[in-house]
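Below you'll find the structure, written out as structure tokens, and then a few comments.
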Amino acid sequence: MNRKENITYMILHAVFYAVSLLPLRVLYMLSDIGFIFVYYVVRYRRKIVRKNLTTSFSDKSLKEIKHIERRFYHFLCDYFNETVKLLSISPDRLLKHIEFRNVEQIEQCFDRGQTCAAILGHYCNWEWLSATGIAFDRHNDAVMGLIYHPLYNKAFDRLFIDIRQSMGGVCIPKKDILRRLVEYRRENRMSLFGYIADQTPKWENIHLWLDFLNHDTPVFTGAERIMRKMNNAVFYVDMQRPRRGHYVCTFRLLTDRPQELEEFEITRRFFAMLEKSISTAPHTYLWTHNRWKRKRQ
């Protein structure tokens with residue numbers, strides 16, 4: 001970063017850290033206020049959200065769609081404040097707000113020398129999943145991390161790396177992930193990396209279309225290619241929010257023999273499981289993305 005970007009980063013970090021020191025209950029009060037501003041005043045991406053919800057749930061009435069829409073924007077404000085909280089919350093305190101289930105199966109994979117991958121969507125607070133490593137009883141030396149797309153603004157990019165690495169995980173740009181995984185293998189280090197795999201691929205990277213949320217959807221298959229190449233045990237991250245400020249994250253084994261599956265089977269299973277998760281609480285999915293802008297024709 002240049003000098004101007006570095007100063008911007010330091011100011012942003014100081015402000016976000018100060019906000020993170022507030023108790024969660026206070027941050028949720030700020031969310032209540034922020035919801036009114038974002039939803040009614042700014043109307044942030046309201047047209048895209050309404051279109052996405054209406055076309056995804058054609059069986060629901062306009063009243064039901066608006067109800068989901070308002071709940072989504074309220075959750076979006078919570079998500080932002082919960083993410084900022086990562087800058088200062090302690091691991092022990094965070095574990096009072098998120099429960100990790102089935103992590104012992106991941107450790108069993110490590111026991112037999114198999115690295116793991118977690119595949120997930122923009123559902124619930126995916127940022128809090130960076131704390132998965134603190135829930136392990138063993139293999140505390142395993143590398144925990146996520147693959148991310150660097151932000152254009154370098155100050156914000158560095159700030160979000162700080163947030164995502166606050167629980168001991170590592171952030172690796174997607175263009176570097178395969179090289180880094182090979183390095184960990186050479187060092188005999190176990191690893192668990194999270195792949196947010198419901199992004200919209202570029203035209204040249206579209207190799208598969210699926211029926212997802214009532215849409216003919218081009219889907220990202222790069223994560224599967226890496227998982228197959230590394231022979232990862234693949235876990236679907238089933239994250240639920242039973243109440244405000246509390247999450248339950250269950251790692252469900254999708255396959256521990258990825259190379260034996262047909263091509264794209266991992267991706268197909270992932271989107272089927274993600275759609276099932278979304279159906280239980282649609283307001284906790286990220287509806288602000290223009291996911292269906294690309295058409296097969």
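Chain identifiers are assigned as A, B, and so on, following the order in which chains appear in the structure tokens; residues are numbered from 1 within each chain, and ligands are numbered from 1 in order of appearance.
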
TODO: Please give the complete set of residues from region 57-284 of chain A that DSSP, run on the backbone, assigns to strand (DSSP E), formatted as an MDAnalysis selection string.
DONE: chainID A and resid 98:101 116:120 143:148 170:173 191:196 209:212 215:218 233:243 246:255

Restrict the calculation to only C-alpha atoms, then for each residue of region 146-227 of chain A with any atom at most 7 Å from an atom of region 105-118 of chain A give the closest atom pair and their distance in Å to one decimal, rows by chain and rising residue number, as CSV.
residue,atom,partner,partner_atom,distance
A:Met190,CA,A:Thr115,CA,5.3
A:Ser191,CA,A:Thr115,CA,5.3
A:Leu192,CA,A:Cys116,CA,4.8
A:Phe193,CA,A:Ala117,CA,5.1
A:Gly194,CA,A:Ala118,CA,4.6
A:Tyr195,CA,A:Ala118,CA,6.1
A:Met227,CA,A:Ala117,CA,6.9

With C-alpha atoms retained, could you export that selection as an mmCIF file, in the first residue's frame?
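Written out: out36.cif:
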data_model
loop_
_atom_site.group_PDB
_atom_site.id
_atom_site.type_symbol
_atom_site.label_atom_id
_atom_site.label_comp_id
_atom_site.auth_asym_id
_atom_site.auth_seq_id
_atom_site.Cartn_x
_atom_site.Cartn_y
_atom_site.Cartn_z
ATOM 1 C CA MET A 190 -2.950 -30.909 7.824
ATOM 2 C CA SER A 191 -5.311 -28.204 6.619
ATOM 3 C CA LEU A 192 -8.961 -27.217 6.425
ATOM 4 C CA PHE A 193 -9.865 -24.471 3.966
ATOM 5 C CA GLY A 194 -13.279 -22.978 3.350
ATOM 6 C CA TYR A 195 -14.546 -22.393 -0.191
ATOM 7 C CA MET A 227 -10.656 -30.660 -3.941
#

Task: Distance query Arg294 (chain A) at most 12 Å, only C-alpha atoms, self and fewer than 4 positions along chain excluded, as a VMD selection string - done: chain A and resid 199 to 204 206 209 215 to 219 290

Atoms to include: all heavy atoms. Write the selected residues as a compact mmCIF listing (two decimals), in the first residue's frame.
# COMPACT_ATOMS: atom_id res chain seq x y z
N GLN A 199 -20.54 -18.26 -5.87
CA GLN A 199 -20.33 -17.06 -6.67
C GLN A 199 -20.76 -17.29 -8.12
O GLN A 199 -20.90 -18.42 -8.57
CB GLN A 199 -18.84 -16.65 -6.66
CG GLN A 199 -18.25 -16.46 -5.29
CD GLN A 199 -17.42 -17.66 -4.87
OE1 GLN A 199 -17.78 -18.78 -5.17
NE2 GLN A 199 -16.32 -17.42 -4.18
N THR A 200 -20.94 -16.18 -8.81
CA THR A 200 -21.24 -16.26 -10.23
C THR A 200 -19.93 -16.32 -11.01
O THR A 200 -19.12 -15.40 -10.92
CB THR A 200 -22.06 -15.04 -10.69
OG1 THR A 200 -23.27 -14.97 -9.94
CG2 THR A 200 -22.38 -15.14 -12.17
N PRO A 201 -19.69 -17.38 -11.77
CA PRO A 201 -18.43 -17.49 -12.51
C PRO A 201 -18.39 -16.55 -13.72
O PRO A 201 -19.43 -16.13 -14.23
CB PRO A 201 -18.41 -18.95 -12.96
CG PRO A 201 -19.86 -19.33 -13.06
CD PRO A 201 -20.55 -18.57 -11.96
N LYS A 202 -17.17 -16.23 -14.15
CA LYS A 202 -17.02 -15.47 -15.38
C LYS A 202 -17.44 -16.35 -16.56
O LYS A 202 -17.43 -17.58 -16.46
CB LYS A 202 -15.58 -15.01 -15.55
CG LYS A 202 -15.12 -14.03 -14.47
CD LYS A 202 -13.68 -13.61 -14.69
CE LYS A 202 -13.24 -12.63 -13.63
NZ LYS A 202 -11.81 -12.22 -13.81
N TRP A 203 -17.76 -15.72 -17.69
CA TRP A 203 -18.24 -16.47 -18.85
C TRP A 203 -17.29 -17.59 -19.24
O TRP A 203 -17.73 -18.71 -19.52
CB TRP A 203 -18.43 -15.52 -20.04
CG TRP A 203 -19.72 -14.77 -20.01
CD1 TRP A 203 -19.88 -13.43 -19.81
CD2 TRP A 203 -21.04 -15.30 -20.17
NE1 TRP A 203 -21.21 -13.10 -19.84
CE2 TRP A 203 -21.94 -14.23 -20.07
CE3 TRP A 203 -21.53 -16.59 -20.40
CZ2 TRP A 203 -23.32 -14.40 -20.18
CZ3 TRP A 203 -22.91 -16.76 -20.51
CH2 TRP A 203 -23.78 -15.67 -20.41
N GLU A 204 -15.99 -17.29 -19.25
CA GLU A 204 -15.02 -18.29 -19.70
C GLU A 204 -14.85 -19.44 -18.71
O GLU A 204 -14.25 -20.47 -19.04
CB GLU A 204 -13.66 -17.64 -19.97
CG GLU A 204 -13.01 -16.99 -18.76
CD GLU A 204 -13.39 -15.52 -18.57
OE1 GLU A 204 -14.45 -15.12 -19.10
OE2 GLU A 204 -12.63 -14.81 -17.91
N ILE A 206 -17.55 -20.88 -17.08
CA ILE A 206 -18.82 -21.59 -16.92
C ILE A 206 -18.71 -22.97 -17.57
O ILE A 206 -18.58 -23.08 -18.79
CB ILE A 206 -19.99 -20.80 -17.52
CG1 ILE A 206 -20.18 -19.47 -16.78
CG2 ILE A 206 -21.27 -21.62 -17.45
CD1 ILE A 206 -21.28 -18.59 -17.36
N TRP A 209 -24.31 -25.80 -15.55
CA TRP A 209 -25.53 -25.07 -15.21
C TRP A 209 -26.39 -26.00 -14.35
O TRP A 209 -26.52 -27.19 -14.65
CB TRP A 209 -26.30 -24.67 -16.46
CG TRP A 209 -25.59 -23.66 -17.31
CD1 TRP A 209 -24.54 -23.90 -18.14
CD2 TRP A 209 -25.90 -22.27 -17.44
NE1 TRP A 209 -24.15 -22.75 -18.77
CE2 TRP A 209 -24.98 -21.72 -18.36
CE3 TRP A 209 -26.86 -21.44 -16.87
CZ2 TRP A 209 -24.99 -20.38 -18.72
CZ3 TRP A 209 -26.88 -20.09 -17.23
CH2 TRP A 209 -25.95 -19.57 -18.13
N HIS A 215 -33.95 -21.17 -10.66
CA HIS A 215 -33.26 -20.49 -11.74
C HIS A 215 -32.32 -21.46 -12.45
O HIS A 215 -31.74 -22.34 -11.84
CB HIS A 215 -32.40 -19.34 -11.21
CG HIS A 215 -33.16 -18.21 -10.61
ND1 HIS A 215 -33.58 -18.21 -9.30
CD2 HIS A 215 -33.57 -17.01 -11.14
CE1 HIS A 215 -34.21 -17.07 -9.04
NE2 HIS A 215 -34.22 -16.34 -10.15
N ASP A 216 -32.17 -21.25 -13.74
CA ASP A 216 -31.13 -21.94 -14.51
C ASP A 216 -29.83 -21.18 -14.20
O ASP A 216 -29.65 -20.05 -14.65
CB ASP A 216 -31.45 -21.88 -16.00
CG ASP A 216 -30.54 -22.78 -16.83
OD1 ASP A 216 -29.98 -23.74 -16.27
OD2 ASP A 216 -30.40 -22.51 -18.04
N THR A 217 -28.95 -21.81 -13.42
CA THR A 217 -27.85 -21.09 -12.78
C THR A 217 -26.48 -21.58 -13.22
O THR A 217 -26.17 -22.77 -13.08
CB THR A 217 -27.95 -21.24 -11.24
OG1 THR A 217 -29.27 -20.87 -10.81
CG2 THR A 217 -26.92 -20.39 -10.54
N PRO A 218 -25.62 -20.68 -13.72
CA PRO A 218 -24.23 -21.07 -13.98
C PRO A 218 -23.50 -21.13 -12.64
O PRO A 218 -23.62 -20.22 -11.82
CB PRO A 218 -23.70 -19.93 -14.87
CG PRO A 218 -24.51 -18.75 -14.46
CD PRO A 218 -25.88 -19.28 -14.09
N VAL A 219 -22.76 -22.20 -12.41
CA VAL A 219 -22.16 -22.38 -11.09
C VAL A 219 -20.64 -22.50 -11.17
O VAL A 219 -20.08 -22.93 -12.18
CB VAL A 219 -22.75 -23.61 -10.36
CG1 VAL A 219 -24.23 -23.42 -10.11
CG2 VAL A 219 -22.50 -24.89 -11.15
N ASN A 290 -26.31 -9.95 -7.66
CA ASN A 290 -27.07 -10.16 -8.89
C ASN A 290 -26.64 -11.50 -9.50
O ASN A 290 -25.97 -11.55 -10.53
CB ASN A 290 -26.82 -9.00 -9.86
CG ASN A 290 -27.79 -9.00 -11.02
OD1 ASN A 290 -28.76 -9.75 -11.02
ND2 ASN A 290 -27.52 -8.17 -12.01

TODO: Report the residues of region 121-159 of chain A whose backbone DSSP state falls under alpha helix (DSSP H), written as a list of chain:residue names.
DONE: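 Going through region 121-159 of chain A, the alpha helix (DSSP H) residues come out as A:Lys154, A:Ala155, A:Phe156, A:Asp157, A:Arg158, A:Leu159.
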
Can I get the selection written as a PDB file, in the first residue's frame, with C-alpha atoms?
ATOM      1  CA  LYS A 154      -6.354  -2.016  -0.600  1.00  0.00           C
ATOM      2  CA  ALA A 155      -7.157  -0.362   2.733  1.00  0.00           C
ATOM      3  CA  PHE A 156     -10.423  -2.280   3.086  1.00  0.00           C
ATOM      4  CA  ASP A 157      -8.731  -5.432   1.787  1.00  0.00           C
ATOM      5  CA  ARG A 158      -6.121  -5.297   4.553  1.00  0.00           C
ATOM      6  CA  LEU A 159      -8.786  -4.508   7.160  1.00  0.00           C
TER       7      LEU A 159
END

- [ ] Would you please work out which residue, of A:Arg45, A:Tyr28, A:Phe37, A:Arg228, is nearest to Glu262 (chain A) when using only C-alpha atoms?
- [x]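 Smallest distance to Glu262 (chain A) is found for A:Arg228.
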